[in-house]
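Chemist: Supplied in structure tokens, the structure appears directly below.
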Amino acid sequence: MRRISLKVLIAAAISVVSFLLTIAVSYVVGRDAVDRLELQIGQSLALLADEMQDKLDRAMFERLQSLDNMAALGKLLQKEDSPQALRASLERFQNAYSDYSWIGFADTQGKVLSATGGEFEGRNVKDQVWFKKGLDEAFVGDVKLPNAPKTSRIPHEGRGASDFIDLAVPVLDENGTVGVLGATLSADWAEEVRDTLLGSMKDSIPADVIVLNEEKQVLFGPDDLTGRTLDLRSVRAARPGKAGFAVERWPDGTSYVTGYSKSDGYRSYTGLNWTFLVRENQKLAFAPVYSLQKNILIWGGIFACLAAVLAWILASKLSQPLLQLADAAEELRRGQTIELPQVGGYEEARILSQSLRSLVKELDAQRASLATANQSLERQVRERTQRLAEQNIGLERAKAAAESATEAKSRFLAAASHDLRQPLHALTLFARALSRRVSGNEATALVAQMEEGLRGLKGMFDALLNVSRLDAKLIEPTKIPVSVSEVIERISVGSRVEAEQNGLKFLSRTRDWALETDAALLETIIRNLVSNALKFTKDGGVILAARIREGKRVIDVYDTGPGVSPDRREKIFEEFSRADQRAYGVNDGLGLGLSIARRYAELLDMKILVSSKPGSGSRFTIVLPQDAMLKHGRRLQPTQSSERGISGKRILVLDDDPLIVAALTRDLEDRGNVVFGYQSGADAETGLHNGLVIDAAVLDFDLCGSESGLEFIRRMTAKLNCDIPSVLLSGGTDSATLALLAKSGMPWLTKPADPELIAATLSVILKPQKISQSGIDLEIGADVNAG
């Protein structure tokens with residue numbers, strides 16, 4: 001964008017201010033002058049109208065006085081016998097007052113005895129208004145319009161075009177009224193009055209004089225208006241003794257400045273209530289106004305142009321010193337060594353010049369100092385760059401070592417997750433078998449304490465492994481469609497057993513919901529919350545329920561435990577954080593369960609909220625992500641506690657660890673079942689091929705060899721052409737393994753698994769239904785994810 005110079009800005013600013021001031025002054029002065037001139041023109045027309053009505057009223061008064069005088073003369077003449085002598089007297093009077101178009105004398109019977117020119121002599125006018133009114137008093141009639149009734153006019157022929165007003169006075173003698181003297185004024189008289197009134201202005205002011213009677217009919221005026229009725233603002237505003245003006249549009253569509261006045265009489269003459277209008281075309285009347293406005297604009301423009309020229313000269317004067325300094329500064333910017341000029345012209349420019357000269361000197365000094373500092377800085381940069389290069393080499397080595405350690409840690413976690421779970425799982429099974437074989441209070445108590453310790457060891461072992469996997473970022477959610485009802489039912493099976501062992505109640509409520517998430521992580525979150533609730537609840541129970549709250553789908557875990565104080569509701573989610581109260585009858589654990597649950601929830605875009613009242617219990621709420629919800633889910637029928645016991649079943653156990661095969665076989669046989677244990681898939685397949693009849697199977701997922709337990713049972717199902725109710729046990733807890741288990745559609749458990757939970761899961765999937773395939777009877781259970 002092109003920049004505007006200071007000179008142009010100053011000149012433009014002064015010009016604009018001058019132009020605006022010119023406009024403002026011109027408007028104020030012009031508006032005042034125009035208003036005064038318009039008022040002056042209007043008042044002059046109003047004055048003409050008022051003088052016109054006053055002139056006519058005076059003239060009418062004078063004519064009545066002349067008739068009175070003539071009436072006195074008529075009183076003497078009427079005594080003479082000759083009408084010709086009276087006619088001669090009337091004609092002499094008419095010659096003296098040429099304004100009369102006709103004068104006549106009628107006796108009291110209405111007969112015209114004598115008249116000027118002998119007109120209408122001998123006629124009877126007793127029915128005419130002027131005669132009847134004239135018998136009693138002086139009478140002034142109205143204008144004789146062409147459409148007026150003939151009985152209202154003095155009868156004179158051939159003079160209708162010039163008739164204007166009828167007048168009549170009574171003729172009296174010592175005995176009373178002897179007749180009526182009547183006369184008619186001509187319209188020429190009114191024209192003479194108008195011309196006399198306008199005088200020398202007749203040619204300079206092309207004004208029209210209009211006279212209206214009391215009914216607003218035009219008596220006298222332009223031919224196109226004579227006889228018409230006018231309803232104008234000026235006519236409505238006219239009042240006796242009040243003159244004014246108005247600018248209005250007339251019937252011909254033209255705007256006129258109209259002066260108006262109304263007859264108010266003169267002395268004894270009361271007047272006829274006529275309205276007098278004097279109009280002038282608005283354009284012609286206000287021509288001086290328009291001329292004044294034009295002159296104001298022209299002179300205002302001339303003044304603005306002069307102001308612009310002066311502004312340009314002043315701007316040049318003001319900007320010249322600044323331009324000199326700007327040119328010198330530009331040369332300095334280009335690297336030339338020059339000295340700033342010492343400019344004058346006005347004080348501000350001189351001060352600016354001195355300040356810039358001082359600034360340039362300081363900048364030269366700073367430039368030299370910066371050059372020295374720059375050399376030192378370059379040396380320091382080189383030294384630090386060399387040190388950074390050495391540090392980068394060390395960081396690369398440290399990164400390689402960290403990656404190697406992470407890889408080793410991953411290998412350790414994978415090995416620990418499987419290898420350490422195997423003996424712990426076997427030990428758990430043997431402990432349960434031992435609990436069935438000991439007697440006596442002391443031995444039973446020792447075995448129970450051993451089982452409790454194993455459960456605590458399992459919990460701490462799972463927690464440590466999970467935290468390590470989270471810290472190493474080895475857990476990647478594998479999202480699949482998951483049924484909320486199946487997850488809740490699966491967790492409820494084992495939790496109900498644990499609650500009953502501790503003398504607590506456990507209730508669950510499910511919903512037909514499905515969402516896209518990681519099944520294993522969601523189940524771990526809920527299990528940790530339920531396990532924490534059971535651990536710290538001494539009396540009462542725990543409720544696991546899916547609900548809709550405030551438009552959101554949530555999973556609540558209620559307990560009647562000691563509750564959590566407000567200041568600890570966030571601390572309980574920290575790693576290795578333990579509650580103030582000890583767990584009832586169980587190991588306190590490491591304080592990792594809630595921390596793992598929250599970190600898993602964050603991976604799944606979920607939230608865990610806590611609402612608690614100390615001494616009354618707590619509610620932990622899992623808020624499910626609304627955008628992950630699917631249209632519908634699958635819901636299991638609630639399982640009665642009586643269905644959890646199994647006995648009399650034929651169960652296949654397959655695990656590559658002989659210790660686990662022995663322990664699990666012993667536990668299931670103690671429950672009254674027939675167990676067929678195998679350590680390889682080939683041996684189990686041979687047994688089934690040779691006609692082994694089973695009701696269910698418990699298989700290790702991580703079998704030695706190329707085939708997993710899941711692949712084995714699927715192949716056997718396809719080969720035997722029937723469903724085999726199965727439970728998968730896995731020592732591996734990596735994301736890939738858990739994802740395969742979640743997608744399998746079969747119930748699965750992670751090692752070490754509680755023997756009661758294994759039995760309860762088998763109880764859920766075993767529904768009596770005999771199927772015969774190739775001479776083999778198999779009892780098939782339902783497909784239930786109860787892992």
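Ligands are numbered from 1 in the order shown, residues from 1 within each chain, and chains are lettered A, B, ... in the order they appear in the structure tokens.
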DSSP on the backbone: what in range 586-693 of chain A comes out helix (DSSP H, G or I), as a PyMOL selection string?
Modeler: chain A and resi 593-603+626-628+641-643+658-670+681-689
Chemist: Taking 2 positions as the minimum chain separation for residues in the same chain, which residues sit within 12 Å of Asp667 in chain A when counting only C-alpha atoms? Answer as a PDB file with all heavy atoms, in the first residue's frame.
Modeler:
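What follows is the written file selection22.pdb:
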```
ATOM      1  N   ALA A 426      -1.603 -72.406  40.025  1.00  0.00           N
ATOM      2  CA  ALA A 426      -1.618 -73.764  40.575  1.00  0.00           C
ATOM      3  C   ALA A 426      -1.699 -73.734  42.093  1.00  0.00           C
ATOM      4  O   ALA A 426      -2.436 -74.512  42.714  1.00  0.00           O
ATOM      5  CB  ALA A 426      -0.361 -74.513  40.118  1.00  0.00           C
ATOM      6  N   LEU A 427      -0.943 -72.821  42.716  1.00  0.00           N
ATOM      7  CA  LEU A 427      -0.951 -72.723  44.167  1.00  0.00           C
ATOM      8  C   LEU A 427      -2.343 -72.360  44.679  1.00  0.00           C
ATOM      9  O   LEU A 427      -2.789 -72.877  45.709  1.00  0.00           O
ATOM     10  CB  LEU A 427       0.076 -71.665  44.601  1.00  0.00           C
ATOM     11  CG  LEU A 427       0.306 -71.522  46.102  1.00  0.00           C
ATOM     12  CD1 LEU A 427       0.774 -72.851  46.706  1.00  0.00           C
ATOM     13  CD2 LEU A 427       1.326 -70.417  46.376  1.00  0.00           C
ATOM     14  N   THR A 428      -3.050 -71.496  43.961  1.00  0.00           N
ATOM     15  CA  THR A 428      -4.406 -71.122  44.356  1.00  0.00           C
ATOM     16  C   THR A 428      -5.338 -72.330  44.310  1.00  0.00           C
ATOM     17  O   THR A 428      -6.165 -72.544  45.208  1.00  0.00           O
ATOM     18  CB  THR A 428      -4.940 -70.015  43.439  1.00  0.00           C
ATOM     19  OG1 THR A 428      -4.080 -68.882  43.507  1.00  0.00           O
ATOM     20  CG2 THR A 428      -6.345 -69.587  43.838  1.00  0.00           C
ATOM     21  N   LEU A 429      -5.209 -73.138  43.254  1.00  0.00           N
ATOM     22  CA  LEU A 429      -6.055 -74.324  43.126  1.00  0.00           C
ATOM     23  C   LEU A 429      -5.744 -75.354  44.214  1.00  0.00           C
ATOM     24  O   LEU A 429      -6.645 -75.971  44.810  1.00  0.00           O
ATOM     25  CB  LEU A 429      -5.868 -74.938  41.745  1.00  0.00           C
ATOM     26  CG  LEU A 429      -6.354 -74.090  40.563  1.00  0.00           C
ATOM     27  CD1 LEU A 429      -5.938 -74.733  39.251  1.00  0.00           C
ATOM     28  CD2 LEU A 429      -7.861 -73.932  40.596  1.00  0.00           C
ATOM     29  N   PHE A 430      -4.444 -75.559  44.501  1.00  0.00           N
ATOM     30  CA  PHE A 430      -4.067 -76.517  45.545  1.00  0.00           C
ATOM     31  C   PHE A 430      -4.540 -76.050  46.911  1.00  0.00           C
ATOM     32  O   PHE A 430      -4.946 -76.863  47.758  1.00  0.00           O
ATOM     33  CB  PHE A 430      -2.548 -76.714  45.554  1.00  0.00           C
ATOM     34  CG  PHE A 430      -2.066 -77.648  44.470  1.00  0.00           C
ATOM     35  CD1 PHE A 430      -1.066 -77.269  43.594  1.00  0.00           C
ATOM     36  CD2 PHE A 430      -2.611 -78.934  44.346  1.00  0.00           C
ATOM     37  CE1 PHE A 430      -0.619 -78.122  42.611  1.00  0.00           C
ATOM     38  CE2 PHE A 430      -2.169 -79.799  43.359  1.00  0.00           C
ATOM     39  CZ  PHE A 430      -1.179 -79.386  42.473  1.00  0.00           C
ATOM     40  N   ALA A 431      -4.476 -74.765  47.160  1.00  0.00           N
ATOM     41  CA  ALA A 431      -4.938 -74.246  48.447  1.00  0.00           C
ATOM     42  C   ALA A 431      -6.420 -74.509  48.633  1.00  0.00           C
ATOM     43  O   ALA A 431      -6.866 -74.856  49.743  1.00  0.00           O
ATOM     44  CB  ALA A 431      -4.651 -72.741  48.535  1.00  0.00           C
ATOM     45  N   ARG A 432      -7.204 -74.359  47.546  1.00  0.00           N
ATOM     46  CA  ARG A 432      -8.625 -74.633  47.667  1.00  0.00           C
ATOM     47  C   ARG A 432      -8.864 -76.127  47.908  1.00  0.00           C
ATOM     48  O   ARG A 432      -9.736 -76.519  48.701  1.00  0.00           O
ATOM     49  CB  ARG A 432      -9.347 -74.161  46.401  1.00  0.00           C
ATOM     50  CG  ARG A 432     -10.861 -74.417  46.416  1.00  0.00           C
ATOM     51  CD  ARG A 432     -11.533 -73.923  47.709  1.00  0.00           C
ATOM     52  NE  ARG A 432     -11.223 -72.531  47.962  1.00  0.00           N
ATOM     53  CZ  ARG A 432     -11.957 -71.536  47.511  1.00  0.00           C
ATOM     54  NH1 ARG A 432     -13.042 -71.787  46.840  1.00  0.00           N
ATOM     55  NH2 ARG A 432     -11.620 -70.294  47.793  1.00  0.00           N
ATOM     56  N   ALA A 433      -8.090 -76.987  47.220  1.00  0.00           N
ATOM     57  CA  ALA A 433      -8.237 -78.434  47.441  1.00  0.00           C
ATOM     58  C   ALA A 433      -7.866 -78.779  48.874  1.00  0.00           C
ATOM     59  O   ALA A 433      -8.488 -79.643  49.522  1.00  0.00           O
ATOM     60  CB  ALA A 433      -7.361 -79.199  46.448  1.00  0.00           C
ATOM     61  N   LEU A 434      -6.800 -78.133  49.399  1.00  0.00           N
ATOM     62  CA  LEU A 434      -6.383 -78.403  50.778  1.00  0.00           C
ATOM     63  C   LEU A 434      -7.455 -77.982  51.780  1.00  0.00           C
ATOM     64  O   LEU A 434      -7.663 -78.642  52.800  1.00  0.00           O
ATOM     65  CB  LEU A 434      -5.081 -77.653  51.061  1.00  0.00           C
ATOM     66  CG  LEU A 434      -4.490 -77.823  52.461  1.00  0.00           C
ATOM     67  CD1 LEU A 434      -4.150 -79.299  52.746  1.00  0.00           C
ATOM     68  CD2 LEU A 434      -3.247 -76.943  52.623  1.00  0.00           C
ATOM     69  N   SER A 435      -8.182 -76.860  51.456  1.00  0.00           N
ATOM     70  CA  SER A 435      -9.208 -76.388  52.391  1.00  0.00           C
ATOM     71  C   SER A 435     -10.326 -77.399  52.566  1.00  0.00           C
ATOM     72  O   SER A 435     -11.007 -77.398  53.581  1.00  0.00           O
ATOM     73  CB  SER A 435      -9.775 -75.052  51.890  1.00  0.00           C
ATOM     74  OG  SER A 435     -10.504 -75.239  50.690  1.00  0.00           O
ATOM     75  N   ARG A 436     -10.489 -78.254  51.557  1.00  0.00           N
ATOM     76  CA  ARG A 436     -11.554 -79.265  51.645  1.00  0.00           C
ATOM     77  C   ARG A 436     -11.097 -80.493  52.434  1.00  0.00           C
ATOM     78  O   ARG A 436     -11.929 -81.318  52.822  1.00  0.00           O
ATOM     79  CB  ARG A 436     -11.997 -79.691  50.244  1.00  0.00           C
ATOM     80  CG  ARG A 436     -12.591 -78.565  49.403  1.00  0.00           C
ATOM     81  CD  ARG A 436     -13.216 -79.141  48.144  1.00  0.00           C
ATOM     82  NE  ARG A 436     -13.665 -78.074  47.251  1.00  0.00           N
ATOM     83  CZ  ARG A 436     -12.984 -77.607  46.223  1.00  0.00           C
ATOM     84  NH1 ARG A 436     -11.812 -78.155  45.968  1.00  0.00           N
ATOM     85  NH2 ARG A 436     -13.449 -76.633  45.482  1.00  0.00           N
ATOM     86  N   ARG A 437      -9.806 -80.624  52.627  1.00  0.00           N
ATOM     87  CA  ARG A 437      -9.281 -81.860  53.223  1.00  0.00           C
ATOM     88  C   ARG A 437      -8.823 -81.704  54.679  1.00  0.00           C
ATOM     89  O   ARG A 437      -8.472 -82.685  55.328  1.00  0.00           O
ATOM     90  CB  ARG A 437      -8.120 -82.385  52.373  1.00  0.00           C
ATOM     91  CG  ARG A 437      -8.620 -82.983  51.067  1.00  0.00           C
ATOM     92  CD  ARG A 437      -7.475 -83.205  50.091  1.00  0.00           C
ATOM     93  NE  ARG A 437      -7.931 -83.960  48.917  1.00  0.00           N
ATOM     94  CZ  ARG A 437      -8.657 -83.426  47.944  1.00  0.00           C
ATOM     95  NH1 ARG A 437      -8.997 -82.155  48.004  1.00  0.00           N
ATOM     96  NH2 ARG A 437      -9.033 -84.179  46.929  1.00  0.00           N
ATOM     97  N   ILE A 646     -21.573 -76.940  40.438  1.00  0.00           N
ATOM     98  CA  ILE A 646     -21.543 -77.962  39.376  1.00  0.00           C
ATOM     99  C   ILE A 646     -21.113 -79.283  40.003  1.00  0.00           C
ATOM    100  O   ILE A 646     -20.234 -79.349  40.875  1.00  0.00           O
ATOM    101  CB  ILE A 646     -20.572 -77.575  38.245  1.00  0.00           C
ATOM    102  CG1 ILE A 646     -19.167 -77.318  38.798  1.00  0.00           C
ATOM    103  CG2 ILE A 646     -21.065 -76.369  37.489  1.00  0.00           C
ATOM    104  CD1 ILE A 646     -18.111 -77.160  37.718  1.00  0.00           C
ATOM    105  N   SER A 647     -21.708 -80.360  39.542  1.00  0.00           N
ATOM    106  CA  SER A 647     -21.324 -81.701  39.970  1.00  0.00           C
ATOM    107  C   SER A 647     -21.897 -82.681  38.969  1.00  0.00           C
ATOM    108  O   SER A 647     -22.865 -82.387  38.262  1.00  0.00           O
ATOM    109  CB  SER A 647     -21.857 -81.993  41.383  1.00  0.00           C
ATOM    110  OG  SER A 647     -23.277 -81.966  41.382  1.00  0.00           O
ATOM    111  N   ILE A 651     -15.678 -83.140  32.446  1.00  0.00           N
ATOM    112  CA  ILE A 651     -14.982 -81.909  32.065  1.00  0.00           C
ATOM    113  C   ILE A 651     -13.594 -82.234  31.571  1.00  0.00           C
ATOM    114  O   ILE A 651     -12.847 -83.000  32.202  1.00  0.00           O
ATOM    115  CB  ILE A 651     -14.905 -80.932  33.261  1.00  0.00           C
ATOM    116  CG1 ILE A 651     -16.332 -80.613  33.765  1.00  0.00           C
ATOM    117  CG2 ILE A 651     -14.185 -79.645  32.870  1.00  0.00           C
ATOM    118  CD1 ILE A 651     -16.342 -79.791  35.031  1.00  0.00           C
ATOM    119  N   VAL A 653      -9.829 -80.900  30.837  1.00  0.00           N
ATOM    120  CA  VAL A 653      -8.883 -79.864  31.250  1.00  0.00           C
ATOM    121  C   VAL A 653      -7.653 -79.987  30.381  1.00  0.00           C
ATOM    122  O   VAL A 653      -7.043 -81.068  30.298  1.00  0.00           O
ATOM    123  CB  VAL A 653      -8.509 -79.999  32.734  1.00  0.00           C
ATOM    124  CG1 VAL A 653      -7.421 -78.994  33.103  1.00  0.00           C
ATOM    125  CG2 VAL A 653      -9.735 -79.794  33.613  1.00  0.00           C
ATOM    126  N   ILE A 660      -0.661 -77.306  36.917  1.00  0.00           N
ATOM    127  CA  ILE A 660      -1.991 -76.714  36.830  1.00  0.00           C
ATOM    128  C   ILE A 660      -3.024 -77.769  36.484  1.00  0.00           C
ATOM    129  O   ILE A 660      -4.143 -77.764  37.009  1.00  0.00           O
ATOM    130  CB  ILE A 660      -1.992 -75.582  35.792  1.00  0.00           C
ATOM    131  CG1 ILE A 660      -1.150 -74.401  36.304  1.00  0.00           C
ATOM    132  CG2 ILE A 660      -3.409 -75.109  35.477  1.00  0.00           C
ATOM    133  CD1 ILE A 660      -1.055 -73.244  35.349  1.00  0.00           C
ATOM    134  N   VAL A 661      -2.639 -78.720  35.583  1.00  0.00           N
ATOM    135  CA  VAL A 661      -3.580 -79.795  35.234  1.00  0.00           C
ATOM    136  C   VAL A 661      -3.952 -80.585  36.470  1.00  0.00           C
ATOM    137  O   VAL A 661      -5.119 -80.887  36.730  1.00  0.00           O
ATOM    138  CB  VAL A 661      -2.972 -80.709  34.150  1.00  0.00           C
ATOM    139  CG1 VAL A 661      -3.879 -81.927  33.915  1.00  0.00           C
ATOM    140  CG2 VAL A 661      -2.765 -79.945  32.860  1.00  0.00           C
ATOM    141  N   ALA A 662      -2.936 -80.883  37.295  1.00  0.00           N
ATOM    142  CA  ALA A 662      -3.202 -81.666  38.497  1.00  0.00           C
ATOM    143  C   ALA A 662      -4.060 -80.888  39.481  1.00  0.00           C
ATOM    144  O   ALA A 662      -5.017 -81.412  40.068  1.00  0.00           O
ATOM    145  CB  ALA A 662      -1.873 -82.074  39.146  1.00  0.00           C
ATOM    146  N   ALA A 663      -3.728 -79.609  39.686  1.00  0.00           N
ATOM    147  CA  ALA A 663      -4.460 -78.810  40.670  1.00  0.00           C
ATOM    148  C   ALA A 663      -5.908 -78.596  40.244  1.00  0.00           C
ATOM    149  O   ALA A 663      -6.835 -78.716  41.049  1.00  0.00           O
ATOM    150  CB  ALA A 663      -3.762 -77.463  40.861  1.00  0.00           C
ATOM    151  N   LEU A 664      -6.130 -78.250  38.952  1.00  0.00           N
ATOM    152  CA  LEU A 664      -7.481 -78.003  38.487  1.00  0.00           C
ATOM    153  C   LEU A 664      -8.296 -79.279  38.468  1.00  0.00           C
ATOM    154  O   LEU A 664      -9.490 -79.287  38.787  1.00  0.00           O
ATOM    155  CB  LEU A 664      -7.435 -77.375  37.084  1.00  0.00           C
ATOM    156  CG  LEU A 664      -8.771 -76.887  36.507  1.00  0.00           C
ATOM    157  CD1 LEU A 664      -9.457 -75.923  37.461  1.00  0.00           C
ATOM    158  CD2 LEU A 664      -8.553 -76.226  35.156  1.00  0.00           C
ATOM    159  N   THR A 665      -7.633 -80.403  38.135  1.00  0.00           N
ATOM    160  CA  THR A 665      -8.342 -81.691  38.151  1.00  0.00           C
ATOM    161  C   THR A 665      -8.802 -82.017  39.562  1.00  0.00           C
ATOM    162  O   THR A 665      -9.939 -82.440  39.788  1.00  0.00           O
ATOM    163  CB  THR A 665      -7.423 -82.797  37.623  1.00  0.00           C
ATOM    164  OG1 THR A 665      -7.059 -82.490  36.279  1.00  0.00           O
ATOM    165  CG2 THR A 665      -8.109 -84.147  37.685  1.00  0.00           C
ATOM    166  N   GLU A 669     -12.701 -82.401  40.666  1.00  0.00           N
ATOM    167  CA  GLU A 669     -13.133 -83.711  41.162  1.00  0.00           C
ATOM    168  C   GLU A 669     -13.708 -83.586  42.570  1.00  0.00           C
ATOM    169  O   GLU A 669     -14.659 -84.281  42.925  1.00  0.00           O
ATOM    170  CB  GLU A 669     -11.953 -84.688  41.134  1.00  0.00           C
ATOM    171  CG  GLU A 669     -11.592 -85.138  39.721  1.00  0.00           C
ATOM    172  CD  GLU A 669     -10.383 -86.070  39.713  1.00  0.00           C
ATOM    173  OE1 GLU A 669      -9.694 -86.137  40.761  1.00  0.00           O
ATOM    174  OE2 GLU A 669     -10.126 -86.699  38.674  1.00  0.00           O
ATOM    175  N   ASP A 670     -13.099 -82.690  43.378  1.00  0.00           N
ATOM    176  CA  ASP A 670     -13.642 -82.468  44.722  1.00  0.00           C
ATOM    177  C   ASP A 670     -15.070 -81.963  44.677  1.00  0.00           C
ATOM    178  O   ASP A 670     -15.831 -82.123  45.638  1.00  0.00           O
ATOM    179  CB  ASP A 670     -12.767 -81.460  45.464  1.00  0.00           C
ATOM    180  CG  ASP A 670     -11.411 -82.063  45.881  1.00  0.00           C
ATOM    181  OD1 ASP A 670     -11.278 -83.299  45.779  1.00  0.00           O
ATOM    182  OD2 ASP A 670     -10.520 -81.283  46.261  1.00  0.00           O
ATOM    183  N   ARG A 671     -15.444 -81.335  43.589  1.00  0.00           N
ATOM    184  CA  ARG A 671     -16.796 -80.805  43.458  1.00  0.00           C
ATOM    185  C   ARG A 671     -17.756 -81.856  42.899  1.00  0.00           C
ATOM    186  O   ARG A 671     -18.908 -81.559  42.603  1.00  0.00           O
ATOM    187  CB  ARG A 671     -16.796 -79.578  42.539  1.00  0.00           C
ATOM    188  CG  ARG A 671     -15.973 -78.435  43.087  1.00  0.00           C
ATOM    189  CD  ARG A 671     -15.898 -77.279  42.090  1.00  0.00           C
ATOM    190  NE  ARG A 671     -14.990 -76.235  42.525  1.00  0.00           N
ATOM    191  CZ  ARG A 671     -15.302 -75.220  43.337  1.00  0.00           C
ATOM    192  NH1 ARG A 671     -16.550 -75.114  43.792  1.00  0.00           N
ATOM    193  NH2 ARG A 671     -14.410 -74.332  43.698  1.00  0.00           N
ATOM    194  N   GLY A 672     -17.270 -83.097  42.676  1.00  0.00           N
ATOM    195  CA  GLY A 672     -18.139 -84.187  42.235  1.00  0.00           C
ATOM    196  C   GLY A 672     -18.201 -84.358  40.741  1.00  0.00           C
ATOM    197  O   GLY A 672     -19.211 -84.856  40.221  1.00  0.00           O
ATOM    198  N   ASN A 673     -17.163 -83.953  40.021  1.00  0.00           N
ATOM    199  CA  ASN A 673     -17.160 -84.074  38.571  1.00  0.00           C
ATOM    200  C   ASN A 673     -16.121 -85.086  38.133  1.00  0.00           C
ATOM    201  O   ASN A 673     -15.181 -85.433  38.864  1.00  0.00           O
ATOM    202  CB  ASN A 673     -16.823 -82.723  37.937  1.00  0.00           C
ATOM    203  CG  ASN A 673     -17.821 -81.651  38.327  1.00  0.00           C
ATOM    204  OD1 ASN A 673     -18.974 -81.672  37.915  1.00  0.00           O
ATOM    205  ND2 ASN A 673     -17.374 -80.703  39.153  1.00  0.00           N
ATOM    206  N   VAL A 674     -16.279 -85.563  36.909  1.00  0.00           N
ATOM    207  CA  VAL A 674     -15.300 -86.467  36.288  1.00  0.00           C
ATOM    208  C   VAL A 674     -14.423 -85.606  35.388  1.00  0.00           C
ATOM    209  O   VAL A 674     -14.929 -84.929  34.487  1.00  0.00           O
ATOM    210  CB  VAL A 674     -15.986 -87.573  35.475  1.00  0.00           C
ATOM    211  CG1 VAL A 674     -14.939 -88.475  34.819  1.00  0.00           C
ATOM    212  CG2 VAL A 674     -16.915 -88.385  36.378  1.00  0.00           C
ATOM    213  N   VAL A 675     -13.107 -85.625  35.615  1.00  0.00           N
ATOM    214  CA  VAL A 675     -12.192 -84.728  34.904  1.00  0.00           C
ATOM    215  C   VAL A 675     -11.221 -85.541  34.088  1.00  0.00           C
ATOM    216  O   VAL A 675     -10.670 -86.548  34.557  1.00  0.00           O
ATOM    217  CB  VAL A 675     -11.434 -83.826  35.897  1.00  0.00           C
ATOM    218  CG1 VAL A 675     -10.515 -82.868  35.145  1.00  0.00           C
ATOM    219  CG2 VAL A 675     -12.404 -83.056  36.785  1.00  0.00           C
ATOM    220  N   ASP A 754      -9.597 -67.550  40.532  1.00  0.00           N
ATOM    221  CA  ASP A 754     -10.168 -68.113  41.745  1.00  0.00           C
ATOM    222  C   ASP A 754     -10.935 -69.379  41.397  1.00  0.00           C
ATOM    223  O   ASP A 754     -11.710 -69.408  40.430  1.00  0.00           O
ATOM    224  CB  ASP A 754     -11.095 -67.090  42.397  1.00  0.00           C
ATOM    225  CG  ASP A 754     -11.584 -67.562  43.749  1.00  0.00           C
ATOM    226  OD1 ASP A 754     -12.628 -68.257  43.786  1.00  0.00           O
ATOM    227  OD2 ASP A 754     -10.936 -67.234  44.752  1.00  0.00           O
ATOM    228  N   PRO A 755     -10.724 -70.471  42.125  1.00  0.00           N
ATOM    229  CA  PRO A 755     -11.431 -71.731  41.809  1.00  0.00           C
ATOM    230  C   PRO A 755     -12.946 -71.567  41.826  1.00  0.00           C
ATOM    231  O   PRO A 755     -13.643 -72.168  41.003  1.00  0.00           O
ATOM    232  CB  PRO A 755     -10.956 -72.684  42.914  1.00  0.00           C
ATOM    233  CG  PRO A 755      -9.642 -72.129  43.367  1.00  0.00           C
ATOM    234  CD  PRO A 755      -9.730 -70.658  43.223  1.00  0.00           C
ATOM    235  N   GLU A 756     -13.471 -70.750  42.756  1.00  0.00           N
ATOM    236  CA  GLU A 756     -14.914 -70.546  42.813  1.00  0.00           C
ATOM    237  C   GLU A 756     -15.406 -69.819  41.563  1.00  0.00           C
ATOM    238  O   GLU A 756     -16.503 -70.075  41.071  1.00  0.00           O
ATOM    239  CB  GLU A 756     -15.283 -69.746  44.065  1.00  0.00           C
ATOM    240  CG  GLU A 756     -14.961 -70.436  45.364  1.00  0.00           C
ATOM    241  CD  GLU A 756     -15.712 -71.766  45.497  1.00  0.00           C
ATOM    242  OE1 GLU A 756     -16.837 -71.857  44.955  1.00  0.00           O
ATOM    243  OE2 GLU A 756     -15.177 -72.699  46.129  1.00  0.00           O
ATOM    244  N   ILE A 758     -14.014 -70.027  38.578  1.00  0.00           N
ATOM    245  CA  ILE A 758     -14.004 -71.005  37.479  1.00  0.00           C
ATOM    246  C   ILE A 758     -15.257 -71.862  37.552  1.00  0.00           C
ATOM    247  O   ILE A 758     -15.944 -72.110  36.538  1.00  0.00           O
ATOM    248  CB  ILE A 758     -12.737 -71.874  37.559  1.00  0.00           C
ATOM    249  CG1 ILE A 758     -11.480 -71.014  37.347  1.00  0.00           C
ATOM    250  CG2 ILE A 758     -12.791 -72.985  36.517  1.00  0.00           C
ATOM    251  CD1 ILE A 758     -10.178 -71.771  37.548  1.00  0.00           C
ATOM    252  N   ALA A 759     -15.591 -72.328  38.768  1.00  0.00           N
ATOM    253  CA  ALA A 759     -16.776 -73.173  38.922  1.00  0.00           C
ATOM    254  C   ALA A 759     -18.041 -72.394  38.582  1.00  0.00           C
ATOM    255  O   ALA A 759     -18.951 -72.927  37.920  1.00  0.00           O
ATOM    256  CB  ALA A 759     -16.845 -73.709  40.355  1.00  0.00           C
TER     257      ALA A 759
END
```
Chemist: With only C-alpha atoms as the basis for distance, which of A:Gly241, A:Arg333, A:Gly745, A:Ser611 is at the shortest distance from Arg714 in chain A?
Modeler: A:Gly745
